[in-house]
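Student: So here's query29.txt, just compact mmCIF, C-alpha atoms:
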```txt
# COMPACT_ATOMS: atom_id res chain seq x y z
CA MET Q 45 59.78 96.93 47.13
CA VAL Q 46 59.37 97.09 50.92
CA ILE Q 47 62.23 94.60 51.37
CA GLU Q 48 64.45 96.66 49.06
CA ASN Q 49 63.68 99.83 51.05
CA GLN Q 50 64.49 98.03 54.31
CA ILE Q 51 67.80 96.80 52.89
CA SER Q 52 68.56 100.29 51.63
CA ASP Q 53 67.78 101.80 55.05
CA ARG Q 54 69.92 99.20 56.78
CA LYS Q 55 72.79 99.89 54.42
CA ARG Q 56 72.46 103.64 54.95
CA HIS Q 57 72.49 103.27 58.74
CA CYS Q 58 75.54 101.00 58.59
CA ILE Q 59 77.48 103.45 56.42
CA ASN Q 60 76.57 106.39 58.65
CA PHE Q 61 77.58 104.47 61.77
CA ALA Q 62 80.87 103.45 60.12
CA ALA Q 63 81.60 107.10 59.32
CA VAL Q 64 80.88 108.17 62.91
CA LEU Q 65 83.01 105.31 64.24
CA ALA Q 66 85.86 106.35 61.95
CA VAL Q 67 85.71 109.90 63.34
CA PHE Q 68 85.73 108.50 66.89
CA ILE Q 69 88.74 106.28 66.13
CA ILE Q 70 90.61 109.29 64.76
CA LEU Q 71 89.72 111.18 67.92
CA VAL Q 72 91.03 108.34 70.11
CA VAL Q 73 94.26 108.05 68.10
CA LEU Q 74 94.91 111.80 68.33
CA LYS Q 75 94.22 111.88 72.06
CA MET Q 76 96.30 108.79 72.82
CA GLY Q 77 99.11 110.20 70.70
CA GLY Q 78 99.13 113.43 72.68
CA LYS Q 79 98.04 115.50 69.70
CA LEU Q 80 95.05 117.00 71.53
CA SER Q 81 96.03 119.53 74.16
CA PRO Q 82 93.63 120.30 77.03
CA TYR Q 83 92.84 123.58 75.27
CA ILE Q 84 91.81 121.80 72.04
CA GLN Q 85 89.80 119.26 74.02
CA GLY Q 86 88.03 122.14 75.75
CA ILE Q 87 87.07 123.63 72.39
CA MET Q 88 85.78 120.24 71.25
CA MET Q 89 83.72 119.82 74.44
CA THR Q 90 82.21 123.28 74.01
CA THR Q 91 81.46 122.47 70.39
CA CYS Q 92 79.66 119.26 71.32
CA ILE Q 93 77.53 121.19 73.83
CA ALA Q 94 76.74 123.82 71.21
CA ILE Q 95 75.71 121.12 68.71
CA ILE Q 96 73.34 119.50 71.21
CA MET Q 97 71.84 122.84 72.20
CA SER Q 98 71.45 124.18 68.65
CA THR Q 99 69.96 121.00 67.17
CA SER Q 100 67.49 120.73 70.05
CA LEU Q 101 66.52 124.38 69.62
CA ASN Q 102 66.15 123.83 65.88
CA LEU Q 103 63.55 121.16 66.61
CA ALA Q 104 61.26 123.76 68.21
CA THR Q 105 62.26 126.80 66.16
CA GLY Q 106 63.07 125.37 62.74
CA PHE Q 107 60.87 122.30 62.34
CA LEU Q 108 57.95 123.32 64.56
CA GLY Q 109 58.21 126.98 63.59
CA GLN Q 110 57.93 128.37 67.14
CA VAL Q 111 60.49 131.06 67.99
CA THR Q 112 61.73 130.51 71.55
CA LEU Q 113 64.25 132.67 73.40
CA GLY Q 114 64.46 130.86 76.72
CA HIS Q 115 66.49 127.79 75.81
CA ALA Q 116 69.23 128.65 78.30
CA GLY Q 117 66.64 128.29 81.06
CA PHE Q 118 66.21 124.59 80.29
CA MET Q 119 69.97 124.26 80.06
CA SER Q 120 70.26 125.68 83.57
CA ILE Q 121 67.67 123.22 84.89
CA GLY Q 122 69.65 120.31 83.45
CA ALA Q 123 72.95 121.71 84.73
CA TYR Q 124 71.84 122.28 88.31
CA THR Q 125 69.78 119.08 88.52
CA ALA Q 126 72.63 116.91 87.27
CA ALA Q 127 75.13 118.66 89.55
CA ILE Q 128 72.91 118.22 92.61
CA VAL Q 129 72.26 114.54 91.81
CA THR Q 130 75.90 113.62 91.21
CA CYS Q 131 77.13 115.56 94.24
CA HIS Q 132 74.55 114.01 96.55
CA MET Q 133 75.35 110.53 95.22
CA ARG Q 134 79.05 111.15 95.87
CA ASP Q 135 78.43 112.52 99.38
CA ALA Q 136 76.22 109.52 100.16
CA GLY Q 137 79.10 107.21 99.24
CA PHE Q 138 77.39 105.85 96.11
CA LEU Q 139 79.61 105.51 93.00
CA THR Q 140 82.26 107.84 94.42
CA GLY Q 141 84.97 107.06 91.87
CA LEU Q 142 85.87 109.15 88.84
CA GLY Q 143 86.34 106.23 86.43
CA GLY Q 144 83.59 103.85 85.39
CA ALA Q 145 81.63 104.61 88.57
CA GLY Q 146 81.85 108.31 87.79
CA MET Q 147 80.51 107.73 84.30
CA ILE Q 148 77.51 105.86 85.69
CA ARG Q 149 76.90 108.70 88.14
CA PHE Q 150 77.24 111.19 85.30
CA ALA Q 151 74.78 109.23 83.15
CA ILE Q 152 72.22 109.14 85.99
CA GLY Q 153 72.62 112.86 86.65
CA THR Q 154 72.34 113.67 82.94
CA LEU Q 155 69.18 111.60 82.59
CA CYS Q 156 67.63 113.28 85.65
CA GLY Q 157 68.55 116.72 84.33
CA GLY Q 158 67.06 115.98 80.93
CA ILE Q 159 63.83 114.57 82.37
CA LEU Q 160 63.26 117.50 84.74
CA ALA Q 161 63.98 119.98 81.93
CA ALA Q 162 61.47 118.12 79.72
CA CYS Q 163 58.83 118.26 82.46
CA CYS Q 164 59.39 121.98 82.90
CA GLY Q 165 59.24 122.38 79.12
CA ALA Q 166 55.84 120.66 79.05
CA VAL Q 167 54.52 122.81 81.90
CA ILE Q 168 55.76 126.01 80.27
CA GLY Q 169 54.78 124.89 76.77
CA VAL Q 170 51.07 124.38 77.50
CA PRO Q 171 50.34 128.09 78.11
CA ALA Q 172 53.22 129.52 76.05
CA LEU Q 173 52.49 127.68 72.81
CA ARG Q 174 48.99 129.12 72.65
CA LEU Q 175 50.70 132.26 71.40
CA LYS Q 176 52.50 132.82 68.11
CA GLY Q 177 55.29 134.86 66.57
CA ASP Q 178 56.69 137.75 68.58
CA TYR Q 179 54.36 137.09 71.51
CA LEU Q 180 55.69 133.55 71.89
CA ALA Q 181 59.28 134.78 71.71
CA ILE Q 182 58.60 137.35 74.45
CA ILE Q 183 56.86 134.91 76.79
CA THR Q 184 59.58 132.25 76.39
CA LEU Q 185 62.16 134.94 77.09
CA GLY Q 186 60.22 135.76 80.25
CA PHE Q 187 60.05 132.11 81.31
CA GLY Q 188 63.79 131.75 80.76
CA GLU Q 189 64.47 134.68 83.07
CA ILE Q 190 61.99 133.35 85.64
CA ILE Q 191 63.83 130.02 85.72
CA ARG Q 192 67.13 131.81 86.27
CA VAL Q 193 65.71 133.96 89.09
CA VAL Q 194 64.11 130.94 90.78
CA ILE Q 195 67.41 129.05 90.69
CA GLN Q 196 69.12 132.12 92.08
CA ASN Q 197 66.82 132.10 95.14
CA MET Q 198 66.67 128.38 96.03
CA ASN Q 199 68.62 126.98 98.95
CA ILE Q 200 69.38 123.71 97.17
CA THR Q 201 71.17 125.64 94.41
CA ARG Q 202 73.03 127.78 97.00
CA LYS Q 203 71.07 130.82 95.87
CA GLY Q 204 73.20 133.43 94.11
CA ARG Q 205 76.49 131.92 95.21
CA SER Q 206 78.61 129.79 92.92
CA TYR Q 207 77.75 126.09 93.00
CA ILE Q 208 81.19 124.53 93.45
CA GLY Q 209 82.48 121.07 94.23
CA ILE Q 210 81.14 119.41 91.07
CA ASP Q 211 83.24 116.50 89.84
CA SER Q 212 84.79 116.79 86.39
CA LEU Q 213 82.99 113.84 84.79
CA SER Q 214 82.61 115.08 81.22
CA ASN Q 215 85.31 113.41 79.15
CA ILE Q 216 85.56 113.89 75.41
CA TYR Q 217 84.78 110.26 74.55
CA PHE Q 218 81.53 110.07 76.50
CA VAL Q 219 80.41 113.53 75.40
CA PHE Q 220 81.10 112.70 71.76
CA TRP Q 221 78.72 109.75 71.87
CA ILE Q 222 76.08 111.72 73.77
CA MET Q 223 76.25 114.31 71.00
CA VAL Q 224 75.99 111.63 68.30
CA VAL Q 225 73.01 109.96 69.99
CA SER Q 226 71.26 113.32 70.54
CA VAL Q 227 71.59 114.41 66.93
CA SER Q 228 70.60 110.93 65.69
CA VAL Q 229 67.46 110.85 67.83
CA ILE Q 230 66.42 114.33 66.70
CA TYR Q 231 67.12 113.41 63.06
CA ALA Q 232 65.07 110.20 63.36
CA LEU Q 233 62.24 112.14 65.01
CA VAL Q 234 62.22 114.80 62.29
CA ASN Q 235 62.04 112.12 59.58
CA SER Q 236 59.19 110.23 61.27
CA LYS Q 237 55.45 110.87 61.27
CA TYR Q 238 56.01 113.18 64.24
CA GLY Q 239 58.43 115.28 62.23
CA ARG Q 240 55.95 115.54 59.37
CA ALA Q 241 53.33 116.71 61.87
CA PHE Q 242 55.76 119.31 63.23
CA MET Q 243 56.48 120.67 59.76
CA SER Q 244 52.81 120.74 58.79
CA ILE Q 245 52.11 122.86 61.88
CA ARG Q 246 54.99 125.13 60.89
CA GLU Q 247 53.57 125.64 57.40
CA ASP Q 248 49.91 126.13 58.38
CA GLU Q 249 48.66 125.41 61.88
CA VAL Q 250 45.00 126.01 61.00
CA ALA Q 251 45.11 123.60 58.07
CA SER Q 252 46.96 121.02 60.18
CA GLY Q 253 44.29 121.15 62.86
CA ALA Q 254 41.54 120.91 60.25
CA SER Q 255 43.16 117.80 58.77
CA GLY Q 256 43.04 115.99 62.12
CA ILE Q 257 46.45 116.76 63.62
CA ASN Q 258 46.36 117.46 67.36
CA THR Q 259 48.39 120.64 67.14
CA THR Q 260 48.55 121.24 70.90
CA TYR Q 261 49.89 117.73 71.55
CA TYR Q 262 52.58 117.92 68.88
CA LYS Q 263 53.67 121.42 69.85
CA VAL Q 264 54.07 120.49 73.52
CA LEU Q 265 55.80 117.23 72.52
CA ALA Q 266 58.37 119.03 70.36
CA PHE Q 267 58.90 121.68 73.02
CA SER Q 268 59.42 119.02 75.72
CA ILE Q 269 61.88 116.99 73.62
CA SER Q 270 63.77 120.17 72.80
CA ALA Q 271 63.94 121.00 76.52
CA PHE Q 272 65.11 117.46 77.33
CA PHE Q 273 68.17 117.71 75.12
CA ALA Q 274 68.84 121.23 76.41
CA GLY Q 275 68.93 119.68 79.89
CA VAL Q 276 71.39 117.07 78.61
CA GLY Q 277 73.60 119.84 77.25
CA GLY Q 278 73.39 121.61 80.60
CA SER Q 279 74.52 118.48 82.43
CA ILE Q 280 77.58 118.17 80.20
CA TYR Q 281 78.34 121.84 80.75
CA ALA Q 282 78.07 121.52 84.55
CA HIS Q 283 80.46 118.56 84.73
CA TYR Q 284 82.91 120.20 82.37
CA ILE Q 285 83.05 123.70 83.93
CA VAL Q 286 82.54 122.20 87.47
CA THR Q 287 81.30 125.57 88.75
CA LEU Q 288 77.83 126.97 88.12
CA GLN Q 289 76.51 130.51 88.39
CA PRO Q 290 72.90 131.50 87.61
CA SER Q 291 74.08 134.55 85.66
CA THR Q 292 75.67 132.24 83.07
CA PHE Q 293 72.26 131.13 81.79
CA ASN Q 294 70.91 134.53 80.84
CA PHE Q 295 69.29 135.96 77.73
CA SER Q 296 72.66 136.23 75.97
CA LYS Q 297 73.16 132.46 76.27
CA SER Q 298 69.79 131.79 74.64
CA THR Q 299 70.57 134.32 71.91
CA GLU Q 300 73.89 132.62 71.24
CA TYR Q 301 72.18 129.34 70.36
CA MET Q 302 69.44 131.08 68.40
CA ILE Q 303 72.12 132.75 66.26
CA ILE Q 304 73.60 129.32 65.50
CA VAL Q 305 70.20 128.02 64.39
CA VAL Q 306 69.41 131.06 62.23
CA LEU Q 307 72.88 131.15 60.69
CA GLY Q 308 72.91 127.44 59.83
CA GLY Q 309 69.33 127.42 58.61
CA ARG Q 310 66.06 126.88 60.43
CA GLY Q 311 64.95 123.41 59.38
CA SER Q 312 68.45 122.04 58.73
CA LEU Q 313 70.22 119.89 61.32
CA THR Q 314 73.28 119.87 59.07
CA GLY Q 315 73.30 123.66 59.20
CA SER Q 316 73.00 123.68 63.00
CA VAL Q 317 75.90 121.24 63.40
CA LEU Q 318 78.24 123.09 61.03
CA ALA Q 319 77.25 126.53 62.34
CA ALA Q 320 77.87 125.34 65.91
CA ILE Q 321 81.34 124.16 64.90
CA PHE Q 322 82.09 127.36 63.02
CA LEU Q 323 80.79 129.81 65.62
CA THR Q 324 82.49 127.93 68.47
CA ALA Q 325 85.86 127.56 66.77
CA LEU Q 326 86.02 130.98 65.06
CA PRO Q 327 86.34 133.08 68.24
CA GLU Q 328 89.12 130.77 69.44
CA VAL Q 329 90.97 130.90 66.12
CA LEU Q 330 90.76 134.70 66.18
CA ARG Q 331 91.72 134.98 69.85
CA THR Q 332 95.16 136.31 68.89
CA PHE Q 333 93.33 139.23 67.28
CA ALA Q 334 91.49 140.04 70.49
CA LEU Q 335 90.66 143.60 69.42
CA TYR Q 336 89.15 142.57 66.10
CA ARG Q 337 87.75 139.05 66.55
CA MET Q 338 84.29 140.16 67.74
CA ILE Q 339 84.10 142.66 64.87
CA ALA Q 340 84.94 139.92 62.36
CA TYR Q 341 82.44 137.63 64.06
CA SER Q 342 79.67 140.25 63.75
CA ILE Q 343 80.51 141.11 60.15
CA ALA Q 344 80.33 137.43 59.18
CA LEU Q 345 76.85 137.19 60.68
CA ILE Q 346 75.67 140.36 58.93
CA ILE Q 347 76.94 139.20 55.52
CA VAL Q 348 75.22 135.82 55.86
CA MET Q 349 71.93 137.41 56.92
CA ILE Q 350 72.01 139.83 53.98
CA TYR Q 351 72.80 137.30 51.26
CA LYS Q 352 71.29 134.15 52.83
CA PRO Q 353 68.37 135.25 55.04
CA GLY Q 354 67.15 131.66 55.27
CA GLY Q 355 70.50 130.56 56.70
CA VAL Q 356 73.53 129.12 54.94
CA PHE Q 357 71.92 125.71 54.41
CA GLY Q 358 68.22 126.62 54.45
CA ASN Q 359 66.38 123.28 54.61
CA PHE Q 360 69.24 121.26 53.12
CA GLU Q 361 70.40 118.07 54.86
CA PHE Q 362 73.70 116.40 54.03
CA SER Q 363 73.48 112.74 53.00
CA LEU Q 364 76.59 110.60 53.07
CA ILE Q 365 74.94 108.00 50.83
CA ARG Q 366 74.05 110.63 48.26
CA ALA Q 367 77.59 112.02 48.33
CA LEU Q 368 79.11 108.55 47.88
CA ARG Q 369 76.76 107.80 44.98
CA ARG Q 370 77.79 111.01 43.26
CA LEU Q 371 81.45 110.15 43.71
CA PHE Q 372 81.43 106.43 42.91
CA GLY Q 373 77.94 105.44 41.81
CA LYS Q 374 76.44 105.34 38.34
CA LYS Q 375 74.29 108.18 37.19
CA GLU Q 376 70.58 107.47 37.05
CA ALA Q 377 69.05 107.23 33.61
CA ALA Q 378 67.05 110.22 32.43
CA PRO Q 379 63.27 109.80 32.64
CA ALA Q 380 62.81 109.92 28.85
CA VAL Q 381 65.51 107.31 28.27
CA ALA Q 382 64.12 105.08 30.99
CA ALA Q 383 60.61 105.31 29.49
CA LYS Q 384 61.91 104.49 26.02
CA GLU Q 385 63.78 101.44 27.31
CA GLY Q 386 60.63 100.29 29.05
CA GLU Q 387 58.60 100.49 25.81
CA GLU Q 388 61.18 98.39 23.97
```
Here is a file; write its structure as structure tokens.
Tutor:
Amino acid sequence: MVIENQISDRKRHCINFAAVLAVFIILVVLKMGGKLSPYIQGIMMTTCIAIIMSTSLNLATGFLGQVTLGHAGFMSIGAYTAAIVTCHMRDAGFLTGLGGAGMIRFAIGTLCGGILAACCGAVIGVPALRLKGDYLAIITLGFGEIIRVVIQNMNITRKGRSYIGIDSLSNIYFVFWIMVVSVSVIYALVNSKYGRAFMSIREDEVASGASGINTTYYKVLAFSISAFFAGVGGSIYAHYIVTLQPSTFNFSKSTEYMIIVVLGGRGSLTGSVLAAIFLTALPEVLRTFALYRMIAYSIALIIVMIYKPGGVFGNFEFSLIRALRRLFGKKEAAPAVAAKEGEE
């Protein structure tokens, strides 16, 4: 039975990877064929950033059950750290190119940004996660604003002035795979023993602690991992926009990603991914209706919250294997029929 499960898992991973690879090949063909304008590529880059940010926030908010409103603060840490690292490496004459050397420099900066954001998440999470509900949301909102104000008053970040001179190192191919790896890691974490611990804390923290789960450890761990991927998203943002301003990472930015999580469904990575795509593309599609697009955007959110308060997808996760089995596989025998066949 164990061998069969391992084979099944291996088959599932291969099929999922093949599907992702097929999407990437389509992306390459469209770009090489000139079908993707810079404007469309910009929307796709913004969408990838939104997916990374929303899925990482869903880890803390949806699966751990802790409402946080300072996610943009960790994004700013990753953005400024990665920008400072890559610019200093370039000025020092190390990996100065924009090709393969630039990608290595970008990878190093992204890793540094994610690690520093995770460290700050752990430091903030220890006192913040002692609170619950509205109190936690308020204190994380405060921490997010503190981070922004600190960045705005540091010499290394050029204080309140725009941080310019960042190389444009975020290309759609590299960012696509960063997004895929980020979502895959979060998905694997959620479906591991750590994810089960997170969800048990979400359902009943007192009972989880009584059953032997170190609630403080798991809460800080989830918060730190969430902050790490927010830092990764910030690094991509910095090297795509190439100009940073502290005012960008304000409360509205955190709210934007929280809306994506709530709309898609807290506890559903599928919901976060699709909601990020929808809420990023919709304003651009409706840009020709500049006077009405924000009204339509708001009405869509209100309708969803009224009729689907748990989010569009709730706790549902899409499974490619399950979808393929429904399309091409045989239906499973009913329990009564299976039992009867066993008796014969």
Student: Of the candidates Q:Leu345, Q:Val227, Q:Ile121, Q:Val194, which shows the shortest atom-to-atom distance to Q:Cys163, using only C-alpha atoms?
Tutor: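 Comparing Q:Leu345, Q:Val227, Q:Ile121, Q:Val194 against Q:Cys163, the winner is Q:Ile121.
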Student: Would you tabulate, counting only C-alpha atoms, all residues of stretch 236-302 of chain Q that have an atom at most 12 Å from an atom of stretch 179-182 of chain Q, showing the closest pair of atoms and their distance in Å to one decimal, sorted by chain then ascending number, as a Markdown table?
Tutor:
```
| residue | atom | partner | partner_atom | distance |
| --- | --- | --- | --- | --- |
| Q:Phe295 | CA | Q:Ile182 | CA | 11.3 |
| Q:Ser298 | CA | Q:Ala181 | CA | 11.3 |
| Q:Thr299 | CA | Q:Ala181 | CA | 11.3 |
| Q:Met302 | CA | Q:Ala181 | CA | 11.3 |
```
Student: Distance atom CA of Q:Leu307-atom CA of Q:Gln110, one decimal place?
Tutor: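 Calculated distance between atom CA of Q:Leu307 and atom CA of Q:Gln110 is 16.5 Å.
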Student: Residues at most 7 Å from Q:Val129, counting all atoms listed in the file, excluding those fewer than 4 positions away in the same chain, as a ChimeraX atom specification?
Tutor: /Q:125,133,153
Student: Using atom CA of Q:Ser316 and atom CA of Q:Tyr284 as the two end points, give the distance in Å to one decimal.
Tutor: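 It comes out at 22.0 Å.
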Student: I'd like the neighbourhood of Q:Leu155 as a ChimeraX atom specification, where a residue qualifies if any of its atoms comes within 9 Å (using only C-alpha atoms), though same-chain residues fewer than 4 positions away should be ignored.
Tutor: /Q:122,126,150-151,159-160,272,275-276,279
Student: Can you list, as a VMD selection string, every protein, DNA or RNA residue that comes within 9 Å of Q:Leu318 when you count all atoms listed in the file, leaving out same-chain residues fewer than 5 positions away?
Tutor: chain Q and resid 95 304 308 313 323
Student: Find the residue from Q:Phe218, Q:Leu65, Q:Phe107, Q:Ile152 that sits nearest to Q:Leu139; use only C-alpha atoms when measuring.
Tutor: Q:Ile152
Student: May I ask for the distance between atom CA of Q:Gly204 and atom CA of Q:Ile148, given in Å to one decimal place?
Tutor: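 Distance between the two atoms: 29.1 Å.
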Student: Using all atoms listed in the file, can you tell me which of Q:Ala162, Q:Ala172, Q:Val225, Q:Gly117 comes closest to Q:Glu189?
Tutor: Q:Gly117
